[in-house]
>>> print(open('work.txt').read())   # compact mmCIF, N, CA and C atoms
# COMPACT_ATOMS: atom_id res chain seq x y z
N GLU C 18 0.85 -1.18 0.00
CA GLU C 18 0.00 0.00 0.00
C GLU C 18 0.90 1.24 0.00
N ALA C 19 0.59 2.17 -0.86
CA ALA C 19 1.37 3.41 -0.96
C ALA C 19 0.94 4.39 0.13
N PRO C 20 1.87 5.21 0.62
CA PRO C 20 1.50 6.22 1.62
C PRO C 20 0.61 7.30 1.01
N ALA C 21 -0.21 7.91 1.84
CA ALA C 21 -1.08 8.98 1.38
C ALA C 21 -0.25 10.20 0.97
N LEU C 22 -0.54 10.74 -0.20
CA LEU C 22 0.22 11.88 -0.71
C LEU C 22 -0.25 13.21 -0.14
N VAL C 23 -1.39 13.22 0.55
CA VAL C 23 -1.88 14.48 1.10
C VAL C 23 -0.97 15.04 2.18
N HIS C 24 -0.04 14.23 2.68
CA HIS C 24 0.87 14.69 3.71
C HIS C 24 2.15 15.30 3.15
N VAL C 25 2.36 15.21 1.85
CA VAL C 25 3.57 15.76 1.23
C VAL C 25 3.77 17.23 1.59
N PRO C 26 2.72 18.08 1.52
CA PRO C 26 2.95 19.49 1.88
C PRO C 26 3.42 19.68 3.32
N ASN C 27 3.00 18.81 4.22
CA ASN C 27 3.45 18.93 5.62
C ASN C 27 4.93 18.64 5.75
N TYR C 28 5.43 17.70 4.97
CA TYR C 28 6.84 17.32 5.05
C TYR C 28 7.74 18.30 4.33
N TYR C 29 7.27 18.88 3.24
CA TYR C 29 8.13 19.72 2.41
C TYR C 29 7.82 21.21 2.53
N ALA C 30 6.71 21.58 3.12
CA ALA C 30 6.37 22.98 3.44
C ALA C 30 6.82 23.98 2.38
N ASN C 31 6.38 23.74 1.18
CA ASN C 31 6.71 24.61 0.05
C ASN C 31 8.20 24.61 -0.32
N ASP C 32 8.94 23.60 0.09
CA ASP C 32 10.34 23.46 -0.32
C ASP C 32 10.37 22.69 -1.63
N ARG C 33 10.08 23.41 -2.69
CA ARG C 33 9.98 22.80 -4.01
C ARG C 33 11.26 22.10 -4.43
N GLU C 34 12.41 22.68 -4.12
CA GLU C 34 13.68 22.09 -4.54
C GLU C 34 13.94 20.75 -3.85
N ALA C 35 13.62 20.65 -2.57
CA ALA C 35 13.81 19.38 -1.85
C ALA C 35 12.88 18.30 -2.41
N LEU C 36 11.65 18.68 -2.69
CA LEU C 36 10.70 17.72 -3.24
C LEU C 36 11.13 17.29 -4.64
N LYS C 37 11.59 18.25 -5.44
CA LYS C 37 12.06 17.93 -6.79
C LYS C 37 13.28 17.00 -6.72
N ALA C 38 14.18 17.25 -5.79
CA ALA C 38 15.36 16.38 -5.62
C ALA C 38 14.93 14.96 -5.25
N LEU C 39 13.91 14.82 -4.41
CA LEU C 39 13.41 13.50 -4.03
C LEU C 39 12.86 12.78 -5.25
N ILE C 40 12.13 13.48 -6.09
CA ILE C 40 11.58 12.87 -7.30
C ILE C 40 12.72 12.47 -8.24
N HIS C 41 13.73 13.32 -8.35
CA HIS C 41 14.89 13.00 -9.19
C HIS C 41 15.63 11.76 -8.72
N THR C 42 15.91 11.68 -7.43
CA THR C 42 16.77 10.61 -6.90
C THR C 42 16.02 9.40 -6.36
N GLY C 43 14.74 9.55 -6.07
CA GLY C 43 13.96 8.46 -5.52
C GLY C 43 14.24 8.27 -4.04
N ARG C 44 13.67 7.24 -3.49
CA ARG C 44 13.86 6.90 -2.07
C ARG C 44 14.08 5.40 -1.97
N GLN C 45 15.12 5.03 -1.28
CA GLN C 45 15.45 3.61 -1.12
C GLN C 45 14.57 2.98 -0.05
N PRO C 46 14.37 1.66 -0.13
CA PRO C 46 13.55 0.99 0.89
C PRO C 46 14.12 1.19 2.29
N VAL C 47 13.24 1.31 3.25
CA VAL C 47 13.64 1.45 4.65
C VAL C 47 13.90 0.05 5.19
N PRO C 48 15.03 -0.16 5.85
CA PRO C 48 15.29 -1.50 6.41
C PRO C 48 14.28 -1.85 7.49
N ARG C 49 13.97 -3.11 7.58
CA ARG C 49 13.02 -3.58 8.60
C ARG C 49 13.70 -3.63 9.96
N ALA C 50 13.06 -3.10 10.96
CA ALA C 50 13.59 -3.19 12.32
C ALA C 50 13.39 -4.61 12.85
N ASP C 51 12.34 -5.26 12.39
CA ASP C 51 12.02 -6.62 12.81
C ASP C 51 11.88 -7.46 11.54
N ALA C 52 12.78 -8.41 11.33
CA ALA C 52 12.80 -9.20 10.10
C ALA C 52 11.53 -10.02 9.89
N SER C 53 10.77 -10.25 10.94
CA SER C 53 9.54 -11.04 10.80
C SER C 53 8.37 -10.21 10.28
N ARG C 54 8.54 -8.90 10.24
CA ARG C 54 7.46 -8.01 9.77
C ARG C 54 7.71 -7.60 8.33
N PRO C 55 6.65 -7.20 7.62
CA PRO C 55 6.84 -6.77 6.22
C PRO C 55 7.64 -5.47 6.14
N ARG C 56 8.29 -5.28 5.01
CA ARG C 56 9.07 -4.06 4.77
C ARG C 56 8.12 -2.86 4.63
N PRO C 57 8.45 -1.74 5.25
CA PRO C 57 7.61 -0.54 5.11
C PRO C 57 7.56 -0.08 3.64
N PRO C 58 6.43 0.44 3.19
CA PRO C 58 6.28 0.83 1.78
C PRO C 58 6.85 2.22 1.50
N ALA C 59 8.14 2.42 1.75
CA ALA C 59 8.74 3.74 1.54
C ALA C 59 9.81 3.66 0.46
N PHE C 60 9.44 3.18 -0.71
CA PHE C 60 10.38 3.07 -1.81
C PHE C 60 9.80 3.79 -3.02
N MET C 61 10.65 4.54 -3.70
CA MET C 61 10.25 5.19 -4.95
C MET C 61 11.47 5.20 -5.87
N PRO C 62 11.31 4.75 -7.10
CA PRO C 62 12.46 4.76 -8.01
C PRO C 62 12.82 6.19 -8.41
N PRO C 63 14.05 6.41 -8.85
CA PRO C 63 14.41 7.74 -9.34
C PRO C 63 13.74 8.01 -10.69
N TRP C 64 13.29 9.25 -10.89
CA TRP C 64 12.58 9.60 -12.12
C TRP C 64 13.35 10.58 -13.00
N LYS C 65 14.52 11.04 -12.55
CA LYS C 65 15.31 11.97 -13.36
C LYS C 65 15.70 11.28 -14.67
N GLY C 66 15.45 11.96 -15.77
CA GLY C 66 15.76 11.41 -17.08
C GLY C 66 14.65 10.53 -17.64
N ARG C 67 13.70 10.15 -16.82
CA ARG C 67 12.57 9.33 -17.28
C ARG C 67 11.33 10.17 -17.54
N ILE C 68 11.23 11.27 -16.81
CA ILE C 68 10.10 12.20 -16.95
C ILE C 68 10.69 13.55 -17.32
N PRO C 69 10.12 14.24 -18.32
CA PRO C 69 10.64 15.57 -18.68
C PRO C 69 10.57 16.54 -17.49
N GLU C 70 11.54 17.45 -17.43
CA GLU C 70 11.62 18.41 -16.30
C GLU C 70 10.35 19.22 -16.12
N ASP C 71 9.70 19.63 -17.21
CA ASP C 71 8.48 20.42 -17.06
C ASP C 71 7.38 19.60 -16.40
N GLU C 72 7.36 18.29 -16.63
CA GLU C 72 6.36 17.44 -15.98
C GLU C 72 6.71 17.22 -14.51
N ILE C 73 8.00 17.14 -14.20
CA ILE C 73 8.40 17.03 -12.79
C ILE C 73 8.03 18.31 -12.05
N ASP C 74 8.25 19.47 -12.67
CA ASP C 74 7.85 20.74 -12.05
C ASP C 74 6.35 20.77 -11.80
N ALA C 75 5.56 20.31 -12.77
CA ALA C 75 4.11 20.28 -12.61
C ALA C 75 3.71 19.30 -11.49
N LEU C 76 4.41 18.18 -11.38
CA LEU C 76 4.13 17.22 -10.33
C LEU C 76 4.41 17.82 -8.95
N VAL C 77 5.52 18.55 -8.83
CA VAL C 77 5.86 19.21 -7.56
C VAL C 77 4.75 20.18 -7.18
N GLU C 78 4.32 21.00 -8.13
CA GLU C 78 3.23 21.95 -7.84
C GLU C 78 1.97 21.22 -7.39
N TYR C 79 1.63 20.15 -8.07
CA TYR C 79 0.43 19.39 -7.72
C TYR C 79 0.55 18.81 -6.31
N LEU C 80 1.67 18.16 -6.02
CA LEU C 80 1.84 17.54 -4.71
C LEU C 80 1.76 18.56 -3.58
N LEU C 81 2.28 19.76 -3.81
CA LEU C 81 2.26 20.77 -2.75
C LEU C 81 0.87 21.37 -2.54
N THR C 82 -0.06 21.12 -3.44
CA THR C 82 -1.41 21.64 -3.26
C THR C 82 -2.39 20.59 -2.77
N LEU C 83 -1.95 19.36 -2.55
CA LEU C 83 -2.87 18.29 -2.18
C LEU C 83 -3.61 18.52 -0.88
N SER C 84 -2.98 19.10 0.10
CA SER C 84 -3.67 19.30 1.38
C SER C 84 -4.64 20.46 1.32
N GLY C 85 -4.54 21.28 0.29
CA GLY C 85 -5.41 22.44 0.18
C GLY C 85 -4.97 23.58 1.05
N GLN C 86 -3.81 23.45 1.71
CA GLN C 86 -3.35 24.48 2.64
C GLN C 86 -2.30 25.39 2.03
N LEU C 87 -1.66 24.95 0.96
CA LEU C 87 -0.57 25.72 0.40
C LEU C 87 -0.98 26.36 -0.92
N ILE C 88 -0.39 27.48 -1.21
CA ILE C 88 -0.68 28.21 -2.43
C ILE C 88 0.33 27.80 -3.49
N PRO C 89 -0.13 27.39 -4.68
CA PRO C 89 0.82 27.04 -5.74
C PRO C 89 1.71 28.23 -6.08
N GLU C 90 2.94 27.95 -6.49
CA GLU C 90 3.88 29.01 -6.83
C GLU C 90 3.31 29.93 -7.90
N SER C 91 2.54 29.38 -8.84
CA SER C 91 1.96 30.18 -9.91
C SER C 91 0.94 31.19 -9.39
N GLU C 92 0.41 30.97 -8.19
CA GLU C 92 -0.57 31.88 -7.60
C GLU C 92 -0.02 32.60 -6.38
N ALA C 93 1.28 32.51 -6.15
CA ALA C 93 1.88 33.04 -4.93
C ALA C 93 1.72 34.54 -4.80
N SER C 94 1.56 35.27 -5.90
CA SER C 94 1.42 36.71 -5.81
C SER C 94 0.00 37.14 -5.43
N VAL C 95 -0.94 36.20 -5.48
CA VAL C 95 -2.32 36.50 -5.10
C VAL C 95 -2.43 36.36 -3.59
N PRO C 96 -2.86 37.39 -2.88
CA PRO C 96 -2.96 37.27 -1.42
C PRO C 96 -3.94 36.18 -1.01
N ALA C 97 -3.58 35.41 0.00
CA ALA C 97 -4.44 34.38 0.53
C ALA C 97 -5.58 35.02 1.32
N ALA C 98 -6.69 34.31 1.40
CA ALA C 98 -7.82 34.81 2.19
C ALA C 98 -7.41 34.87 3.65
N PRO C 99 -7.87 35.87 4.39
CA PRO C 99 -7.51 35.96 5.81
C PRO C 99 -8.10 34.78 6.59
N ALA C 100 -7.39 34.37 7.61
CA ALA C 100 -7.85 33.28 8.46
C ALA C 100 -9.02 33.75 9.31
N ALA C 101 -9.89 32.82 9.64
CA ALA C 101 -11.01 33.16 10.51
C ALA C 101 -10.49 33.49 11.90
N PRO C 102 -11.09 34.47 12.57
CA PRO C 102 -10.61 34.82 13.92
C PRO C 102 -10.83 33.66 14.88
N ALA C 103 -9.91 33.51 15.82
CA ALA C 103 -10.03 32.46 16.83
C ALA C 103 -11.16 32.81 17.79
N PRO C 104 -11.91 31.80 18.27
CA PRO C 104 -12.98 32.10 19.22
C PRO C 104 -12.40 32.63 20.52
N GLU C 105 -13.13 33.53 21.13
CA GLU C 105 -12.67 34.12 22.40
C GLU C 105 -12.90 33.13 23.53
N ALA C 106 -11.99 33.13 24.48
CA ALA C 106 -12.12 32.26 25.65
C ALA C 106 -13.22 32.80 26.54
N PRO C 107 -13.97 31.87 27.17
CA PRO C 107 -15.07 32.33 28.07
C PRO C 107 -14.57 33.00 29.31
>>> encode(input="work.txt", output="structure tokens")
Amino acid sequence: EAPALVHVPNYYANDREALKALIHTGRQPVPRADASRPRPPAFMPPWKGRIPEDEIDALVEYLLTLSGQLIPESEASVPAAPAAPAPEAP
């Protein structure tokens, strides 16, 4: 089972270059702490040279918008809506 991608923005917090580097180089399998248990599903092959750079850039933008909390770089100059005021304590 693949990990949920909606958490990507939390891990990379608009760090497009780090996310792009991960897509380029991939991620190696995580060693099992207990050999009797299945290997964690944290493997991704490297995609550099397999996917055109403009498509990798588009993928980075898409992944960073999955949680709905981050503003895509293409819309970064548009001010975000103000946050709702916090409720007052009784």
>>> atom_distance(input="work.txt", atom1="CA of Pro63 (chain C)", atom2="atom C of Lys37 (chain C)")
9.7 Å
>>> atom_distance(input="work.txt", atom1="CA of Val25 (chain C)", atom2="CA of His41 (chain C)")
15.6 Å
>>> atom_distance(input="work.txt", atom1="CA of Val23 (chain C)", atom2="CA of Val77 (chain C)")
12.5 Å
>>> closest_residue(input="work.txt", among="C:Asp51, C:His24, C:Lys65, C:Arg33", to="Glu78 (chain C)", atoms="all atoms listed in the file")
C:Arg33
>>> closest_residue(input="work.txt", among="C:Leu83, C:Gln45, C:Leu39, C:Pro69", to="Pro26 (chain C)", atoms="only C-alpha atoms")
C:Leu83
>>> closest_residue(input="work.txt", among="C:Thr82, C:Arg44, C:Glu34, C:Leu76", to="Met61 (chain C)", atoms="all atoms listed in the file")
C:Arg44
>>> select_by_dssp(input="work.txt", residues="region 19-48 of chain C", states="helix (DSSP H, G or I)", output="list in words")
Leu22, Val23, His24, Val25, Pro26, Asn27, Tyr28, Tyr29, Arg33, Glu34, Ala35, Leu36, Lys37, Ala38, Leu39, Ile40, His41 and Thr42 of chain C
>>> write_last_selection(input="work.txt", atoms="N, CA and C atoms", output="PDB file, in the coordinates of the input")
ATOM      1  N   LEU C  22      -0.540  10.740  -0.200  1.00  0.00           N
ATOM      2  CA  LEU C  22       0.220  11.880  -0.710  1.00  0.00           C
ATOM      3  C   LEU C  22      -0.250  13.210  -0.140  1.00  0.00           C
ATOM      4  N   VAL C  23      -1.390  13.220   0.550  1.00  0.00           N
ATOM      5  CA  VAL C  23      -1.880  14.480   1.100  1.00  0.00           C
ATOM      6  C   VAL C  23      -0.970  15.040   2.180  1.00  0.00           C
ATOM      7  N   HIS C  24      -0.040  14.230   2.680  1.00  0.00           N
ATOM      8  CA  HIS C  24       0.870  14.690   3.710  1.00  0.00           C
ATOM      9  C   HIS C  24       2.150  15.300   3.150  1.00  0.00           C
ATOM     10  N   VAL C  25       2.360  15.210   1.850  1.00  0.00           N
ATOM     11  CA  VAL C  25       3.570  15.760   1.230  1.00  0.00           C
ATOM     12  C   VAL C  25       3.770  17.230   1.590  1.00  0.00           C
ATOM     13  N   PRO C  26       2.720  18.080   1.520  1.00  0.00           N
ATOM     14  CA  PRO C  26       2.950  19.490   1.880  1.00  0.00           C
ATOM     15  C   PRO C  26       3.420  19.680   3.320  1.00  0.00           C
ATOM     16  N   ASN C  27       3.000  18.810   4.220  1.00  0.00           N
ATOM     17  CA  ASN C  27       3.450  18.930   5.620  1.00  0.00           C
ATOM     18  C   ASN C  27       4.930  18.640   5.750  1.00  0.00           C
ATOM     19  N   TYR C  28       5.430  17.700   4.970  1.00  0.00           N
ATOM     20  CA  TYR C  28       6.840  17.320   5.050  1.00  0.00           C
ATOM     21  C   TYR C  28       7.740  18.300   4.330  1.00  0.00           C
ATOM     22  N   TYR C  29       7.270  18.880   3.240  1.00  0.00           N
ATOM     23  CA  TYR C  29       8.130  19.720   2.410  1.00  0.00           C
ATOM     24  C   TYR C  29       7.820  21.210   2.530  1.00  0.00           C
ATOM     25  N   ARG C  33      10.080  23.410  -2.690  1.00  0.00           N
ATOM     26  CA  ARG C  33       9.980  22.800  -4.010  1.00  0.00           C
ATOM     27  C   ARG C  33      11.260  22.100  -4.430  1.00  0.00           C
ATOM     28  N   GLU C  34      12.410  22.680  -4.120  1.00  0.00           N
ATOM     29  CA  GLU C  34      13.680  22.090  -4.540  1.00  0.00           C
ATOM     30  C   GLU C  34      13.940  20.750  -3.850  1.00  0.00           C
ATOM     31  N   ALA C  35      13.620  20.650  -2.570  1.00  0.00           N
ATOM     32  CA  ALA C  35      13.810  19.380  -1.850  1.00  0.00           C
ATOM     33  C   ALA C  35      12.880  18.300  -2.410  1.00  0.00           C
ATOM     34  N   LEU C  36      11.650  18.680  -2.690  1.00  0.00           N
ATOM     35  CA  LEU C  36      10.700  17.720  -3.240  1.00  0.00           C
ATOM     36  C   LEU C  36      11.130  17.290  -4.640  1.00  0.00           C
ATOM     37  N   LYS C  37      11.590  18.250  -5.440  1.00  0.00           N
ATOM     38  CA  LYS C  37      12.060  17.930  -6.790  1.00  0.00           C
ATOM     39  C   LYS C  37      13.280  17.000  -6.720  1.00  0.00           C
ATOM     40  N   ALA C  38      14.180  17.250  -5.790  1.00  0.00           N
ATOM     41  CA  ALA C  38      15.360  16.380  -5.620  1.00  0.00           C
ATOM     42  C   ALA C  38      14.930  14.960  -5.250  1.00  0.00           C
ATOM     43  N   LEU C  39      13.910  14.820  -4.410  1.00  0.00           N
ATOM     44  CA  LEU C  39      13.410  13.500  -4.030  1.00  0.00           C
ATOM     45  C   LEU C  39      12.860  12.780  -5.250  1.00  0.00           C
ATOM     46  N   ILE C  40      12.130  13.480  -6.090  1.00  0.00           N
ATOM     47  CA  ILE C  40      11.580  12.870  -7.300  1.00  0.00           C
ATOM     48  C   ILE C  40      12.720  12.470  -8.240  1.00  0.00           C
ATOM     49  N   HIS C  41      13.730  13.320  -8.350  1.00  0.00           N
ATOM     50  CA  HIS C  41      14.890  13.000  -9.190  1.00  0.00           C
ATOM     51  C   HIS C  41      15.630  11.760  -8.720  1.00  0.00           C
ATOM     52  N   THR C  42      15.910  11.680  -7.430  1.00  0.00           N
ATOM     53  CA  THR C  42      16.770  10.610  -6.900  1.00  0.00           C
ATOM     54  C   THR C  42      16.020   9.400  -6.360  1.00  0.00           C
TER      55      THR C  42
END
>>> residues_around(input="work.txt", residues="Trp64 (chain C)", least_positions_apart="2", cutoff="5 Å", atoms="all atoms listed in the file", output="MDAnalysis selection string")
chainID C and resid 40:42 62 66:68
>>> axis_aligned_box(input="work.txt", around="region 59-71 of chain C", padding_each_side="6 Å", output="lines of an AutoDock Vina configuration file")
center_x = 11.6
center_y = 11.4
center_z = -8.5
size_x = 20.4
size_y = 30.0
size_z = 32.4
